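Structure record follows, encoded as structure tokens.
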Amino acid sequence: MRRIARFCYERRRLVVVGWIGLLVGLFALSAAFAGEFRTEFKLPGSESQAGVDLLAAKGVSERTGFAGQVVFRAEQGVNDAAVRRVMEEFFADIERSLEGVQVVSPYEPQYSYQIAPGGKIAYAEVNFSDRDNEQYVDDAEVIKDLHKVVQTEAPQGLQMELGGDLFAEQAEFSSEVVGLIAAIIILLVAFGSLLAMGLPVLTALFGIGCGAAIINLVTRVLAVPDFTTQVAAMIGIGVGIDYALLIVTRYRAGLHDGLEPGDAVALSIDTSGRAVVFAGLTVIISLLGMFFLNLDFMRSMAVGAAMAVLMTMLAAITLLPAMLGFVGRNIDRFGLPHRAARAEGDRSRSFWYRWSRVIQGHPWPALIISAAVLVVLALPVFSIRLGFADAGNRLDSDTTRKAYEMLSEGFGVGFNGPALIVVETPNGASDAAAVSRLKTALESTDGVASVSGPIPVANGQLQLFNVYPESAPQDEETTDLVHRLRKETIPAVVSSSAIPALATGGPAFVVDFSDYMGEKLPIFFGAVMVLSFLLLLTVFHSIVVPLKAVIMNMLSIGASFGAIVAVFQWGIGGSLIGLGKEGPVEAWAPIMLFAIVFGLSMDYEVFLLTRVREEYDRTGDNGRAVADGLAATGRVISAAAAIMVAVFGSFMLGDERALKLIGFGLAFAVFIDATIVRLVLVPAAMELMGRANWWAPSWLVRYLPTIRVDPAQPIMERR
């Protein structure tokens with residue numbers, strides 16, 4: 001690490017020009033060769049995916065893409081002549097304006113069931129053939145524009161809303177900018193210097209820019225969800241600024257201790273830089289662990305986030321030393337009025353040193369109280385229910401939420417989440433009797449409100465049934481109904497005939513995906529924890545330190561998940577962050593959150609423990625090492641955590657519920673980890689365990705490779 005630091009410092013012009021060339025080159029390649037973002041929630045091997053694949057194989061293209069609805073209410077009745085004229089013209093305009101779009105009108109006799117009892121509410125299906133994400137967005141905008149026009153011509157008493165995710169309202173501002181501004185303010189407060197603030201921000205922006213360009217290139221070979229760049233930016237800004245913050249802090253401390261700028265750069269990279277590399281690799285390994293899930297969209301998000309972390313990590317250990325070479329001793333110039341001289345070298349006078357002594361003086365109360373708080377926060381996890389949010393969870397002002405409520409009012413609460421039964425009828429008319437028996441069985445199934453169909457498609461080779469539950473799409477009763485249809489109703493008919501039938505559609509997909517993720521969660525969690533344990537064991541040559549780290553990381557993650565359940569599933573305080581109706585936790589979110597949070601929490605663990613280990617190697621006094629390590633890192637960990645909380649929290653300002661959930665979960669986890677865990681629980685536990693912190697069987701140590709994150713001996717002593 002010292003050689004890297006010296007090279008970047010001494011050849012700083014070449015390094016800076018190289019990074020500028022890399023950034024420009026990646027953006028040029030991205031502009032020339034980037035593909036399209038595609039959000040594909042495919043689940044290979046599931047029955048719901050098999051149903052979709054069967055529709056595609058039979059050429060039912062209008063059923064293979066997303067679907068939406070035009071929902072309308074007319075106080076004079078939907079069959080009123082003026083209402084009917086306006087609506088039919090609207091449906092015709094949609095089909096004329098777009099290719100591969102089919103509008104199923106309730107005014108066609110065979111689809112009269114799309115008019116609710118009472119005749120005041122009706123809907124038309126808008127079925128899209130499969131297309132790329134950008135085309136979906138463009139087509140949705142065309143329909144929204146047509147909707148605005150037709151509303152001006154609508155007779156009095158007619159209300160029209162658009163249903164489906166394609167038509168949901170989107171935020172028009174960038175939450176990343178809000179997070180970046182908050183990070184700048186925190187850095188100004190922490191450093192009190194414009195230069196010291198600017199270096200971490202500039203380093204992070206270079207890393208994020210390169211990472212974003214790489215994500216655009218990845219879209220060429222993988223189906224990358226459209227929110228991947230936002231997630232990667234969220235993580236990249238947080239870790240990028242944190243990594244640079246740690247190095248700059250150590251550099252300033254070296255200057256204040258009397259080192260020359262070149263030696264201070266070498267010190268910062270050889271100490272804090274090592275911790276940055278290890279912490280960054282831990283985050284990347286945690287993220288890439290999502291490859292074991294065998295889900296394309298999870299792999300794409302993992303690659304995107306990992307690229308952002310990798311590039312910001314590389315920028316911190318190469319670009320930052322070069323920029324420090326230009327800054328030299330001027331790192332504290334352009335100081336702000338609030339900054340006062342700090343006795344950087346005398347840590348015994350700092351708040352964090354005094355705090356460490358308070359914890360060491362009362363280790364048992366600190367341990368018990370902090371652990372109890374984390375356990376209480378984690379209790380709601382036992383009530384977690386996985387699923388997917390829908391229009392019913394959006395704000396009341398959203399047109400899709402209005403359409404959702406209108407359909408529920410007219411057709412029942414289960415109407416917004418029908419299961420689609422795909423029946424293969426290779427023998428055509430001769431299979432009609434079996435199809436009729438299946439419809440009767442579906443209608444008599446407990447929990448079914450109504451059944452529409454059979455709808456013949458693919459020249460009669462397939463018959464489709466829409467099965468509407470009595471319960472709402474996110475209710476547990478709907479999940480039970482899907483299992484009942486698959487295990488009891490359908491097999492009872494199919495087993496006595498030659499027609500295969502598959503349960504697919506929204507509720508079936510949610511059940512399959514939630515069950516799949518529920519099975520994979522323990523395996524994924526266990527694999528990441530074991531790998532992290534082995535990495536820390538290799539670095540610190542201790543059994544106790546990595547075991548403690550894994551347990552405490554699990555406590556902070558559990559507390560974060562518990563808070564997510566309380567806010568997003570139970571609705572406690574949801575209105576404060578702009579949530580609509582409460583609902584299940586996104587089925588993919590726990591694994592994504594675990595991978596990111598576990599990696600980030602290891603950052604703080606490594607930052608703290610490397611400094612503690614450095615002091616312990618120098619003095620051999622565990623108590624003093626813990627106090628000095630906490631005093632040396634307390635301020636930077638607090639500032640870094642505040643930055644991450646601000647960056648992650650800014651994503652709660654948008655409209656997308658999934659991003660709100662990710663932002664809230666990460667912000668809460670970092671806050672808990674950097675306060676209760678790192679500043680209370682860890683020092684209390686290390687004080688109680690004493691020298692046992694660094695214990696490992698001698699036979700094990702002999703076989704372990706030596707990978708030191710902290711330098712074997714402080715640089716000043718080596719010189």
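By order of appearance in the structure tokens: chains A, B, ..., then residues from 1 within every chain, and ligands from 1 in the order shown.
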query = region 55-282 of chain A: which residues are strand (DSSP E or B) by DSSP, as an MDAnalysis selection string?
reply = chainID A and resid 67:74 101:104 115 121:128 158:163 193
For the selection just defined, write its residues with N, CA and C atoms to a file, as a PDB file, in the first residue's frame.
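As written to disk, out-v3.pdb reads:
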ATOM      1  N   ALA A  67     -49.729  -5.111 -18.482  1.00  0.00           N
ATOM      2  CA  ALA A  67     -51.130  -4.795 -18.755  1.00  0.00           C
ATOM      3  C   ALA A  67     -51.553  -3.615 -17.894  1.00  0.00           C
ATOM      4  N   GLY A  68     -52.499  -2.881 -18.372  1.00  0.00           N
ATOM      5  CA  GLY A  68     -53.060  -1.771 -17.621  1.00  0.00           C
ATOM      6  C   GLY A  68     -54.560  -1.738 -17.812  1.00  0.00           C
ATOM      7  N   GLN A  69     -55.181  -0.752 -17.210  1.00  0.00           N
ATOM      8  CA  GLN A  69     -56.630  -0.607 -17.365  1.00  0.00           C
ATOM      9  C   GLN A  69     -56.991   0.862 -17.524  1.00  0.00           C
ATOM     10  N   VAL A  70     -58.093   1.061 -18.220  1.00  0.00           N
ATOM     11  CA  VAL A  70     -58.766   2.355 -18.193  1.00  0.00           C
ATOM     12  C   VAL A  70     -60.031   2.129 -17.375  1.00  0.00           C
ATOM     13  N   VAL A  71     -60.071   2.704 -16.198  1.00  0.00           N
ATOM     14  CA  VAL A  71     -61.204   2.507 -15.283  1.00  0.00           C
ATOM     15  C   VAL A  71     -62.036   3.780 -15.289  1.00  0.00           C
ATOM     16  N   PHE A  72     -63.342   3.631 -15.416  1.00  0.00           N
ATOM     17  CA  PHE A  72     -64.179   4.831 -15.473  1.00  0.00           C
ATOM     18  C   PHE A  72     -65.482   4.613 -14.710  1.00  0.00           C
ATOM     19  N   ARG A  73     -65.965   5.729 -14.192  1.00  0.00           N
ATOM     20  CA  ARG A  73     -67.219   5.760 -13.438  1.00  0.00           C
ATOM     21  C   ARG A  73     -68.096   6.866 -14.018  1.00  0.00           C
ATOM     22  N   ALA A  74     -69.365   6.550 -14.228  1.00  0.00           N
ATOM     23  CA  ALA A  74     -70.313   7.539 -14.746  1.00  0.00           C
ATOM     24  C   ALA A  74     -71.567   7.487 -13.884  1.00  0.00           C
ATOM     25  N   VAL A 101     -50.642  -3.033 -29.068  1.00  0.00           N
ATOM     26  CA  VAL A 101     -51.468  -2.739 -27.900  1.00  0.00           C
ATOM     27  C   VAL A 101     -52.910  -3.110 -28.231  1.00  0.00           C
ATOM     28  N   GLN A 102     -53.509  -3.896 -27.342  1.00  0.00           N
ATOM     29  CA  GLN A 102     -54.896  -4.338 -27.536  1.00  0.00           C
ATOM     30  C   GLN A 102     -55.754  -3.792 -26.408  1.00  0.00           C
ATOM     31  N   VAL A 103     -56.841  -3.121 -26.766  1.00  0.00           N
ATOM     32  CA  VAL A 103     -57.795  -2.616 -25.776  1.00  0.00           C
ATOM     33  C   VAL A 103     -59.031  -3.506 -25.799  1.00  0.00           C
ATOM     34  N   VAL A 104     -59.310  -4.140 -24.664  1.00  0.00           N
ATOM     35  CA  VAL A 104     -60.483  -5.012 -24.535  1.00  0.00           C
ATOM     36  C   VAL A 104     -61.603  -4.180 -23.910  1.00  0.00           C
ATOM     37  N   ILE A 115     -68.290  -4.608 -16.891  1.00  0.00           N
ATOM     38  CA  ILE A 115     -69.161  -3.578 -16.323  1.00  0.00           C
ATOM     39  C   ILE A 115     -69.648  -4.084 -14.974  1.00  0.00           C
ATOM     40  N   ILE A 121     -69.721   1.619 -12.908  1.00  0.00           N
ATOM     41  CA  ILE A 121     -68.266   1.482 -12.970  1.00  0.00           C
ATOM     42  C   ILE A 121     -67.920   0.408 -13.991  1.00  0.00           C
ATOM     43  N   ALA A 122     -66.902   0.661 -14.812  1.00  0.00           N
ATOM     44  CA  ALA A 122     -66.465  -0.315 -15.811  1.00  0.00           C
ATOM     45  C   ALA A 122     -64.974  -0.110 -16.058  1.00  0.00           C
ATOM     46  N   TYR A 123     -64.389  -1.053 -16.768  1.00  0.00           N
ATOM     47  CA  TYR A 123     -62.966  -0.919 -17.103  1.00  0.00           C
ATOM     48  C   TYR A 123     -62.711  -1.552 -18.462  1.00  0.00           C
ATOM     49  N   ALA A 124     -61.663  -1.099 -19.094  1.00  0.00           N
ATOM     50  CA  ALA A 124     -61.159  -1.706 -20.324  1.00  0.00           C
ATOM     51  C   ALA A 124     -59.741  -2.182 -20.054  1.00  0.00           C
ATOM     52  N   GLU A 125     -59.425  -3.374 -20.517  1.00  0.00           N
ATOM     53  CA  GLU A 125     -58.054  -3.877 -20.393  1.00  0.00           C
ATOM     54  C   GLU A 125     -57.190  -3.277 -21.498  1.00  0.00           C
ATOM     55  N   VAL A 126     -55.964  -2.902 -21.132  1.00  0.00           N
ATOM     56  CA  VAL A 126     -54.985  -2.419 -22.103  1.00  0.00           C
ATOM     57  C   VAL A 126     -53.808  -3.382 -22.041  1.00  0.00           C
ATOM     58  N   ASN A 127     -53.742  -4.301 -23.015  1.00  0.00           N
ATOM     59  CA  ASN A 127     -52.712  -5.333 -23.032  1.00  0.00           C
ATOM     60  C   ASN A 127     -51.596  -4.967 -24.005  1.00  0.00           C
ATOM     61  N   PHE A 128     -50.359  -5.056 -23.506  1.00  0.00           N
ATOM     62  CA  PHE A 128     -49.178  -4.731 -24.306  1.00  0.00           C
ATOM     63  C   PHE A 128     -48.450  -6.012 -24.703  1.00  0.00           C
ATOM     64  N   LEU A 158     -68.553  11.968 -15.479  1.00  0.00           N
ATOM     65  CA  LEU A 158     -67.663  10.881 -15.919  1.00  0.00           C
ATOM     66  C   LEU A 158     -66.267  11.089 -15.324  1.00  0.00           C
ATOM     67  N   GLN A 159     -65.778  10.072 -14.633  1.00  0.00           N
ATOM     68  CA  GLN A 159     -64.424  10.085 -14.070  1.00  0.00           C
ATOM     69  C   GLN A 159     -63.626   8.963 -14.700  1.00  0.00           C
ATOM     70  N   MET A 160     -62.428   9.281 -15.174  1.00  0.00           N
ATOM     71  CA  MET A 160     -61.571   8.280 -15.813  1.00  0.00           C
ATOM     72  C   MET A 160     -60.214   8.254 -15.119  1.00  0.00           C
ATOM     73  N   GLU A 161     -59.714   7.053 -14.827  1.00  0.00           N
ATOM     74  CA  GLU A 161     -58.396   6.876 -14.218  1.00  0.00           C
ATOM     75  C   GLU A 161     -57.658   5.757 -14.940  1.00  0.00           C
ATOM     76  N   LEU A 162     -56.341   5.786 -14.857  1.00  0.00           N
ATOM     77  CA  LEU A 162     -55.500   4.775 -15.494  1.00  0.00           C
ATOM     78  C   LEU A 162     -54.949   3.839 -14.424  1.00  0.00           C
ATOM     79  N   GLY A 163     -55.119   2.553 -14.642  1.00  0.00           N
ATOM     80  CA  GLY A 163     -54.649   1.564 -13.683  1.00  0.00           C
ATOM     81  C   GLY A 163     -53.445   0.800 -14.210  1.00  0.00           C
ATOM     82  N   SER A 193     -13.426  22.899   6.708  1.00  0.00           N
ATOM     83  CA  SER A 193     -12.537  23.379   5.658  1.00  0.00           C
ATOM     84  C   SER A 193     -13.115  23.007   4.305  1.00  0.00           C
TER      85      SER A 193
END
task = Just the helix (DSSP H, G or I) stuff from region 63-246 of chain A, please, per backbone DSSP, written as number ranges by chain.
result = A: 63, 81-97, 109-114, 133-153, 165-167, 175-191, 194-218, 228-246
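Shortest atom-to-atom contact with Phe7 (chain A) among A:Leu502, A:Leu319, A:Ala642, A:Val544: A:Leu319, counting only C-alpha atoms.
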Neighbour list for Phe664 (chain A) as a short mmCIF file (atom, residue, chain, number, x, y, z; two decimals) with N, CA and C atoms, in the first residue's frame, cut-off 8 Å, only C-alpha atoms, skip fewer than 6 positions in-chain:
data_model
loop_
_atom_site.label_atom_id
_atom_site.label_comp_id
_atom_site.auth_asym_id
_atom_site.auth_seq_id
_atom_site.Cartn_x
_atom_site.Cartn_y
_atom_site.Cartn_z
N ILE A 564 -38.28 -1.78 9.44
CA ILE A 564 -38.95 -1.83 8.13
C ILE A 564 -40.33 -2.45 8.27
N PHE A 648 -28.71 7.95 2.19
CA PHE A 648 -29.73 6.92 2.09
C PHE A 648 -31.12 7.48 2.40
N GLY A 649 -31.18 8.35 3.42
CA GLY A 649 -32.47 8.92 3.79
C GLY A 649 -33.06 9.77 2.70
N PHE A 651 -33.37 9.12 -0.29
CA PHE A 651 -34.14 8.31 -1.23
C PHE A 651 -35.56 8.06 -0.74
N MET A 652 -35.86 8.47 0.47
CA MET A 652 -37.24 8.39 0.94
C MET A 652 -38.07 9.56 0.42
#
request  = Do a neighbour search on Gly583 (chain A) at 8 Å with only C-alpha atoms, toss out local chain neighbours closer than 3 positions, and write the hits as a PyMOL selection string.
outcome  = chain A and resi 389+393+474+568-571
inquiry  = Under the rule that only C-alpha atoms are counted, which of A:Gly663, A:Ser436, A:Pro491, A:Val224 is the nearest residue to Ala646 (chain A)?
reply    = A:Gly663
note = Counting only C-alpha atoms, the residue among A:Met1, A:Leu600, A:Ala322, A:Ala81 that lies closest to Val309 (chain A) is A:Leu600
inquiry  = Just checking: using only C-alpha atoms, which residue out of A:Thr203, A:Ser650, A:Ser300, A:Ser268 ends up closest to Gly254 (chain A)?
reply    = A:Ser268
query = If you count only C-alpha atoms, which residues fall within 8 Å of region 668-677 of chain A, apart from same-chain ones fewer than 4 positions away, as a ChimeraX atom specification?
reply = /A:370,552-553,556-557,559-560,563,597,600-601,604,637-638,641-642,644-645,664,681-682
task = Tell me, as a ChimeraX atom specification, which residues lie within 8 Å of Thr400 (chain A), counting only C-alpha atoms; anything in the same chain fewer than 3 positions away does not count.
result = /A:161-165,167-168,391,394,403-404
Residues from last step as file, C-alpha atoms, as a tab-separated table (two decimals), in the first residue's frame:
chain	number	residue	atom	x	y	z
A	161	GLU	CA	-58.40	6.88	-14.22
A	162	LEU	CA	-55.50	4.78	-15.49
A	163	GLY	CA	-54.65	1.56	-13.68
A	164	GLY	CA	-51.37	-0.37	-13.71
A	165	ASP	CA	-47.72	0.28	-12.78
A	167	PHE	CA	-49.13	4.85	-15.34
A	168	ALA	CA	-47.90	5.50	-11.79
A	391	ALA	CA	-51.32	0.46	-6.65
A	394	ARG	CA	-49.61	4.41	-3.45
A	403	ALA	CA	-58.29	3.27	-10.37
A	404	TYR	CA	-57.49	0.55	-7.82
Where does region 484-593 of chain A meet region 226-239 of chain A within 12 Å, residue by residue, with the nearest atom pair and distance in Å to one decimal for each, counting only C-alpha atoms, listed by chain and rising number, as JSON lines?
{"residue": "A:Ala589", "atom": "CA", "partner": "A:Val231", "partner_atom": "CA", "distance": 11.8}
{"residue": "A:Met592", "atom": "CA", "partner": "A:Val231", "partner_atom": "CA", "distance": 10.3}
{"residue": "A:Leu593", "atom": "CA", "partner": "A:Val231", "partner_atom": "CA", "distance": 10.9}
For Ala154 (chain A), the nearest of the candidates A:Met87, A:Tyr113, A:Gly118, A:Leu288, counting only C-alpha atoms =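 Using only C-alpha atoms, the shortest distance to Ala154 (chain A) belongs to A:Met87.
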message = Nearest residue to Thr440 (chain A) out of A:Thr479, A:Ser408, A:Thr489, A:Thr610, using only C-alpha atoms?
response =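 Counting only C-alpha atoms, the residue closest to Thr440 (chain A) is A:Thr489.
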inquiry  = If we count only C-alpha atoms and set the cut-off at 8 Å, which residues sit around region 18-29 of chain A, ignoring sequence neighbours fewer than 2 positions away in its own chain? Please answer as a PyMOL selection string.
reply    = chain A and resi 14-16+31-34+206+209-210+213-214+217+319
May I have a table of the residues of region 326-430 of chain A lying at most 8 Å from region 505-516 of chain A, giving each one's closest pair of atoms and their distance in Å to one decimal, counting only C-alpha atoms, ordered by chain and ascending residue number, as CSV?
residue,atom,partner,partner_atom,distance
A:Leu386,CA,A:Ser514,CA,5.7
A:Gly387,CA,A:Val510,CA,5.8
A:Phe388,CA,A:Val510,CA,6.7
A:Gly417,CA,A:Gly506,CA,6.1
A:Pro418,CA,A:Gly506,CA,6.8
A:Ala419,CA,A:Gly505,CA,5.0
A:Leu420,CA,A:Gly505,CA,4.8
A:Ile421,CA,A:Gly505,CA,7.8
